[in-house]
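So this one's model36.txt, compact mmCIF, C-alpha atoms:
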# COMPACT_ATOMS: atom_id res chain seq x y z
CA GLY D 4 12.40 -8.73 9.11
CA VAL D 5 11.16 -6.64 12.03
CA PHE D 6 11.35 -7.37 15.76
CA LEU D 7 9.44 -5.34 18.37
CA PRO D 8 10.28 -6.11 22.00
CA THR D 9 7.28 -4.14 23.33
CA PHE D 10 3.70 -3.59 22.23
CA THR D 11 2.46 -0.11 21.26
CA PRO D 12 -1.31 -0.01 20.53
CA ALA D 13 -2.93 2.12 17.86
CA THR D 14 -4.46 5.44 18.90
CA LEU D 15 -8.19 4.84 19.27
CA PRO D 16 -10.83 7.43 18.28
CA LYS D 17 -12.24 9.67 20.98
CA GLY D 18 -15.47 11.53 21.65
CA ASP D 19 -18.10 11.30 18.92
CA TRP D 20 -15.81 9.07 16.82
CA LEU D 21 -15.61 6.34 19.48
CA THR D 22 -17.17 3.09 18.28
CA THR D 23 -19.65 1.79 20.83
CA PRO D 24 -19.16 -1.92 21.64
CA ILE D 25 -21.89 -4.16 20.24
CA LEU D 26 -23.96 -5.09 23.29
CA SER D 27 -27.19 -7.09 23.04
CA LEU D 28 -30.03 -5.77 25.16
CA PRO D 29 -33.55 -7.03 25.83
CA PRO D 30 -36.39 -5.06 24.14
CA GLY D 31 -37.22 -1.86 26.00
CA VAL D 32 -33.91 -1.69 27.89
CA THR D 33 -31.49 1.19 27.24
CA ILE D 34 -27.88 1.92 28.27
CA LYS D 35 -27.33 4.94 30.51
CA GLU D 36 -23.53 4.82 30.70
CA ILE D 37 -20.71 2.71 29.28
CA THR D 38 -17.36 2.59 31.08
CA GLU D 39 -14.36 1.11 29.27
CA SER D 40 -10.99 -0.02 30.55
CA LEU D 41 -7.94 -1.23 28.58
CA THR D 42 -5.36 -3.73 29.78
CA LEU D 43 -1.98 -3.52 28.05
CA PRO D 44 0.29 -6.59 27.85
CA GLU D 45 3.26 -6.60 30.20
CA ASP D 46 6.64 -5.41 28.91
CA LYS D 47 8.35 -8.77 28.88
CA TRP D 48 10.09 -11.01 26.35
CA THR D 49 7.14 -13.35 25.84
CA ASN D 50 5.00 -10.41 24.63
CA SER D 51 7.42 -9.32 21.90
CA MET D 52 6.26 -9.23 18.25
CA TYR D 53 8.01 -10.00 14.99
CA ALA D 54 7.39 -10.13 11.25
CA PHE D 55 9.29 -10.92 8.06
CA LYS D 56 8.68 -10.54 4.33
CA LEU D 57 10.08 -12.26 1.23
CA THR D 58 9.84 -10.28 -2.01
CA GLY D 59 10.42 -11.13 -5.65
CA LYS D 60 8.87 -11.15 -9.12
CA ILE D 61 6.39 -13.57 -10.68
CA PHE D 62 5.70 -13.24 -14.43
CA GLY D 63 6.77 -9.61 -14.27
CA TYR D 64 4.63 -8.77 -11.23
CA HIS D 65 6.05 -7.67 -7.89
CA ALA D 66 5.04 -10.17 -5.21
CA SER D 67 5.72 -10.74 -1.53
CA LEU D 68 4.97 -13.32 1.12
CA SER D 69 4.84 -12.18 4.75
CA TYR D 70 4.30 -13.50 8.25
CA PHE D 71 3.41 -11.63 11.45
CA GLN D 72 3.12 -12.82 15.02
CA GLY D 73 2.04 -10.35 17.67
CA ARG D 74 -1.12 -8.60 18.82
CA ASP D 75 -4.09 -6.91 17.21
CA ASP D 76 -4.01 -3.08 17.36
CA ILE D 77 -7.76 -2.99 18.04
CA PRO D 78 -8.87 -4.21 21.50
CA ILE D 79 -11.70 -6.67 22.11
CA ALA D 80 -14.12 -7.02 25.03
CA LYS D 81 -12.86 -9.67 27.49
CA LYS D 82 -15.51 -9.01 30.14
CA ILE D 83 -18.82 -7.12 30.08
CA THR D 84 -20.46 -6.30 33.39
CA TRP D 85 -24.08 -5.15 33.52
CA SER D 86 -25.54 -3.26 36.48
CA SER D 87 -29.16 -2.21 36.81
CA VAL D 88 -30.06 1.46 37.27
CA ASP D 89 -33.80 0.88 37.20
CA SER D 90 -36.27 -1.50 35.52
CA THR D 91 -35.53 -0.16 32.00
CA THR D 92 -31.99 1.28 32.28
CA VAL D 93 -28.60 -0.34 32.79
CA ASN D 94 -24.94 0.63 33.02
CA ALA D 95 -22.18 -1.38 31.39
CA ARG D 96 -18.50 -1.81 32.14
CA VAL D 97 -16.40 -3.22 29.29
CA ASP D 98 -12.93 -4.57 30.05
CA MET D 99 -10.84 -4.68 26.86
CA ILE D 100 -7.64 -6.54 25.94
CA TYR D 101 -5.39 -6.73 22.87
CA PRO D 102 -5.61 -10.33 21.61
CA ARG D 103 -2.67 -12.20 20.13
CA MET D 104 -2.80 -13.15 16.46
CA LYS D 105 -0.79 -14.59 13.59
CA VAL D 106 -1.14 -13.35 10.01
CA ILE D 107 0.10 -14.92 6.78
CA GLY D 108 0.01 -12.40 3.95
CA TYR D 109 0.55 -12.33 0.20
CA ASP D 110 0.41 -9.40 -2.21
CA LEU D 111 0.87 -8.89 -5.93
CA ALA D 112 1.23 -5.69 -7.97
CA GLY D 113 1.97 -4.85 -11.59
CA ARG D 114 0.70 -3.31 -14.80
CA ILE D 115 -1.73 -4.41 -17.49
CA GLY D 116 -0.99 -1.95 -20.27
CA ASP D 117 -1.45 1.50 -18.73
CA LEU D 118 -3.53 0.13 -15.86
CA GLU D 119 -1.79 -0.34 -12.50
CA VAL D 120 -3.33 -3.26 -10.57
CA TRP D 121 -2.74 -4.84 -7.18
CA GLY D 122 -4.13 -7.38 -4.78
CA GLU D 123 -3.37 -8.49 -1.25
CA VAL D 124 -4.73 -11.17 1.03
CA GLY D 125 -4.23 -11.97 4.69
CA TYR D 126 -5.00 -15.19 6.55
CA PHE D 127 -5.65 -14.29 10.20
CA ILE D 128 -5.24 -16.82 13.00
CA PRO D 129 -6.60 -15.14 16.17
CA GLN D 130 -6.12 -16.05 19.79
CA LYS D 131 -9.22 -17.75 21.18
CA ILE D 132 -10.80 -15.54 23.83
CA GLU D 133 -13.21 -16.63 26.54
CA GLN D 134 -15.55 -13.68 26.98
CA GLU D 135 -17.36 -13.31 30.31
CA ILE D 136 -20.72 -11.53 30.59
CA ILE D 137 -21.79 -10.68 34.13
CA LEU D 138 -25.48 -9.94 34.69
CA PRO D 139 -27.29 -9.06 37.94
CA THR D 140 -28.77 -12.58 37.76
CA GLY D 141 -25.48 -14.42 37.14
CA ALA D 142 -22.53 -14.84 34.77
CA THR D 143 -22.06 -16.61 31.45
CA LYS D 144 -18.97 -17.37 29.36
CA ASN D 145 -18.60 -17.96 25.65
CA GLU D 146 -15.65 -18.41 23.32
CA ILE D 147 -15.05 -15.73 20.69
CA LEU D 148 -12.51 -15.44 17.88
CA LYS D 149 -12.75 -19.18 17.46
CA ASN D 150 -11.93 -19.50 13.76
CA PRO D 151 -9.33 -18.16 11.31
CA TYR D 152 -10.59 -15.69 8.72
CA VAL D 153 -9.44 -14.07 5.47
CA LYS D 154 -9.27 -10.41 4.47
CA TYR D 155 -8.41 -9.25 0.97
CA THR D 156 -8.23 -6.17 -1.25
CA VAL D 157 -8.09 -5.87 -5.05
CA GLY D 158 -7.82 -2.64 -6.96
CA GLY D 159 -6.40 -0.60 -9.78
CA GLU D 160 -5.56 2.93 -10.86
CA TYR D 161 -5.54 4.65 -14.24
CA THR D 162 -4.82 8.12 -15.59
CA PHE D 163 -6.84 9.08 -18.67
CA LYS D 164 -5.42 11.15 -21.52
CA ASN D 165 -7.37 14.20 -20.36
CA GLY D 166 -5.57 14.03 -16.99
CA ILE D 167 -8.36 12.51 -14.90
CA TYR D 168 -6.97 10.07 -12.32
CA LEU D 169 -9.14 7.15 -11.15
CA ASN D 170 -8.41 4.77 -8.28
CA ALA D 171 -10.88 2.00 -7.33
CA GLN D 172 -10.63 -0.82 -4.80
CA PHE D 173 -12.77 -3.61 -3.40
CA CYS D 174 -12.05 -4.44 0.22
CA HIS D 175 -13.29 -7.47 2.17
CA GLY D 176 -12.67 -6.86 5.85
CA PHE D 177 -11.82 -3.46 7.34
CA SER D 178 -8.99 -2.93 9.84
CA ASP D 179 -11.34 -3.00 12.85
CA GLU D 180 -13.28 -6.13 11.80
CA ARG D 181 -12.80 -9.76 12.73
CA GLU D 182 -14.15 -13.19 11.88
CA LYS D 183 -17.89 -13.15 10.96
CA SER D 184 -18.22 -9.34 11.15
CA LEU D 185 -16.20 -8.73 7.96
CA SER D 186 -17.87 -6.24 5.63
CA ASN D 187 -17.45 -5.53 1.92
CA LEU D 188 -16.49 -2.01 0.86
CA LEU D 189 -16.00 -0.17 -2.40
CA LEU D 190 -13.44 2.64 -2.29
CA ALA D 191 -12.92 5.13 -5.12
CA LYS D 192 -10.94 8.32 -5.76
CA VAL D 193 -11.17 10.67 -8.74
CA ALA D 194 -8.77 13.61 -9.18
CA LYS D 195 -8.07 16.25 -11.82
CA LYS D 196 -5.62 19.17 -11.96
CA PHE D 197 -6.46 22.57 -13.48
CA TYR D 198 -4.84 25.97 -14.14
CA HIS D 199 -1.34 24.73 -14.92
CA ASP D 200 -1.50 22.22 -12.04
CA LYS D 201 -2.12 24.98 -9.46
CA VAL D 202 -5.53 23.58 -8.46
CA LYS D 203 -6.57 19.97 -7.93
CA LEU D 204 -10.12 18.70 -7.41
CA ILE D 205 -10.52 15.38 -5.57
CA LEU D 206 -13.58 13.26 -4.83
CA ARG D 207 -13.27 10.25 -2.50
CA ASN D 208 -16.03 7.81 -1.68
CA ILE D 209 -16.39 4.70 0.50
CA VAL D 210 -19.57 2.63 0.09
CA GLU D 211 -20.55 -0.31 2.27
CA ILE D 212 -21.95 -3.39 0.55
CA GLU D 213 -24.24 -5.65 2.53
CA PRO D 214 -23.47 -9.35 1.79
CA GLU D 215 -26.84 -10.69 3.02
CA ARG D 216 -28.56 -8.47 0.46
CA LYS D 217 -26.61 -10.05 -2.37
CA ASN D 218 -24.18 -7.14 -2.75
CA LYS D 219 -26.81 -4.46 -3.28
CA LEU D 220 -25.56 -1.01 -2.31
CA VAL D 221 -27.04 0.22 0.96
CA PRO D 222 -27.13 3.81 2.23
CA SER D 223 -23.92 3.63 4.26
CA SER D 224 -21.13 5.70 2.80
CA VAL D 225 -18.55 8.44 3.32
CA ILE D 226 -18.17 11.09 0.58
CA SER D 227 -15.20 13.43 0.78
CA PRO D 228 -14.83 16.20 -1.83
CA GLU D 229 -11.66 18.28 -1.60
CA ILE D 230 -9.98 21.18 -3.41
CA VAL D 231 -6.23 21.68 -3.17
CA TYR D 232 -4.39 24.90 -4.11
CA TYR D 233 -0.63 25.06 -4.69
CA PRO D 234 0.40 28.76 -4.50
CA THR D 235 4.09 27.74 -4.62
CA ASN D 236 5.95 24.48 -5.15
CA ALA D 237 6.40 24.09 -1.39
CA THR D 238 2.96 25.24 -0.21
CA GLU D 239 -0.31 23.34 -0.20
CA ILE D 240 -3.75 24.50 0.98
CA GLN D 241 -6.58 21.94 1.31
CA LEU D 242 -10.28 22.59 1.83
CA GLY D 243 -12.67 19.66 2.07
CA CYS D 244 -15.34 17.88 4.04
CA TYR D 245 -16.65 14.47 5.15
CA LEU D 246 -20.30 13.69 4.40
CA ILE D 247 -21.46 10.55 6.20
CA GLU D 248 -24.72 8.75 5.50
CA GLY D 249 -26.13 5.44 6.69
CA LYS D 250 -28.55 3.53 8.85
CA ARG D 251 -27.97 3.62 12.59
CA ASP D 252 -26.76 -0.01 12.70
CA SER D 253 -24.54 0.21 9.59
CA LYS D 254 -20.77 0.62 9.63
CA PHE D 255 -20.75 4.35 8.90
CA GLY D 256 -24.29 5.13 10.00
CA GLN D 257 -23.26 5.29 13.67
CA PHE D 258 -21.23 8.40 12.74
CA ARG D 259 -23.87 10.01 10.47
CA LYS D 260 -24.06 13.13 12.69
CA ASN D 261 -20.29 13.66 12.50
CA ASP D 262 -20.01 15.50 9.16
CA GLU D 263 -16.92 17.70 9.14
CA ILE D 264 -15.34 20.57 7.19
CA TYR D 265 -11.57 20.93 7.33
CA LEU D 266 -8.93 23.43 6.20
CA LYS D 267 -5.26 22.38 6.09
CA PHE D 268 -2.05 24.27 5.36
CA LYS D 269 1.12 22.41 4.45
CA TYR D 270 4.61 23.78 3.80
CA ASN D 271 7.63 21.67 2.79
CA PHE D 272 11.12 22.86 3.63
Could you render the structure from this file as structure tokens?
Amino acid sequence: GVFLPTFTPATLPKGDWLTTPILSLPPGVTIKEITESLTLPEDKWTNSMYAFKLTGKIFGYHASLSYFQGRDDIPIAKKITWSSVDSTTVNARVDMIYPRMKVIGYDLAGRIGDLEVWGEVGYFIPQKIEQEIILPTGATKNEILKNPYVKYTVGGEYTFKNGIYLNAQFCHGFSDEREKSLSNLLLAKVAKKFYHDKVKLILRNIVEIEPERKNKLVPSSVISPEIVYYPTNATEIQLGCYLIEGKRDSKFGQFRKNDEIYLKFKYNF
């Protein structure tokens, strides 16, 4: 079991990687500026968090049952305040909080021949939030996070006789998604070592699947090729990039201009 007397939120992305809150606007109206504020829970006993896990084996598979009671790492908009700049432009202030939640989890992992397989599922019970939207003409309130929801992941990994490693997963519900906004994703990784294991080529890919289009692949994905060089047993040099494609309103499309190239050096001692 784990007990946390205080809440420490996850580090949120900054700059061009910041996810813009989903704000509905009338046709022809644009946002000039968005201001965000975060309210952390008070450091007191009633805001502590805890979790426990029971592990064992079922028919030769490793299994565990878990329970968590605490807060979501990702904040949610509690209040959105609109202010007019002119007839076609507005500013928005978004006040964010970290909602409480309970999660019941179950996972299973094992082997089918040479294939390693796993699956995990989480039943999320969120805190009901009354969201307030303040317009120049008045204020409205509506309840969000009203219903429990389920996230799950299934996957497997296999190493072929020629040394090619393959890892594939199907994920329903990403870490930043809740309730009706859950997306379906395919994640894959292929790797192969060369030159007496001194060089490794890796290709990673995440593809969004759109449920309302009956699971047809849509152009929203992240492709990450990488080459790793091991000059010594303790040294690792990585060169790779992130190639992001997608429609503006898709999960990854909002970051489609954020392609990156990276170079990393790692030394173990």
Item checked: Contacts of Gly108 of chain D within 9 Å, only C-alpha atoms, excl. fewer than 4 positions in-chain, as a VMD selection string -> chain D and resid 56 67 to 71 123 to 127
Output of the above residues as a PDB file, keeping the file's coordinate frame, restricted to C-alpha atoms:
ATOM      1  CA  LYS D  56       8.680 -10.540   4.330  1.00  0.00           C
ATOM      2  CA  SER D  67       5.720 -10.740  -1.530  1.00  0.00           C
ATOM      3  CA  LEU D  68       4.970 -13.320   1.120  1.00  0.00           C
ATOM      4  CA  SER D  69       4.840 -12.180   4.750  1.00  0.00           C
ATOM      5  CA  TYR D  70       4.300 -13.500   8.250  1.00  0.00           C
ATOM      6  CA  PHE D  71       3.410 -11.630  11.450  1.00  0.00           C
ATOM      7  CA  GLU D 123      -3.370  -8.490  -1.250  1.00  0.00           C
ATOM      8  CA  VAL D 124      -4.730 -11.170   1.030  1.00  0.00           C
ATOM      9  CA  GLY D 125      -4.230 -11.970   4.690  1.00  0.00           C
ATOM     10  CA  TYR D 126      -5.000 -15.190   6.550  1.00  0.00           C
ATOM     11  CA  PHE D 127      -5.650 -14.290  10.200  1.00  0.00           C
TER      12      PHE D 127
END
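Nearest residue to Asp89 of chain D, choosing from D:Arg181, D:Lys35, D:Arg207, D:Lys154 and counting all atoms listed in the file: D:Lys35.
Across the structure, atom CA of Ile34 of chain D and atom CA of Asp98 of chain D are spaced 16.4 Å apart.
Between atom CA of Phe10 of chain D and atom CA of Ala80 of chain D lies a distance of 18.4 Å.
Going from atom CA of Glu135 of chain D to atom CA of Thr42 of chain D covers 15.4 Å.
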Axis-aligned box for all listed atoms of segment 174-191 of chain D, 8 Å per side, centre and edges in Å to one decimal, as JSON:
{"center_x": -13.6, "center_y": -4.0, "center_z": 3.9, "size_x": 25.2, "size_y": 34.3, "size_z": 34.0}
Next item on the list: Excluding Pro139 of chain D and residues on its chain fewer than 3 positions from it, collect all residues at most 9 Å away from it, counting all atoms listed in the file, and give them as a list in words.
Entry: Thr84, Trp85, Ser86, Ser87 and Ala142 of chain D
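Among D:Thr235, D:Ile230, D:Asp76, D:Asn170, the residue with the shortest atom-to-atom distance to Ile209 of chain D, counting all atoms listed in the file, is D:Asn170.
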Checklist line | Best match for closeness to Asp75 of chain D among D:Phe272, D:Tyr101, D:Tyr155, D:Phe255, counting all atoms listed in the file | finding: D:Tyr101
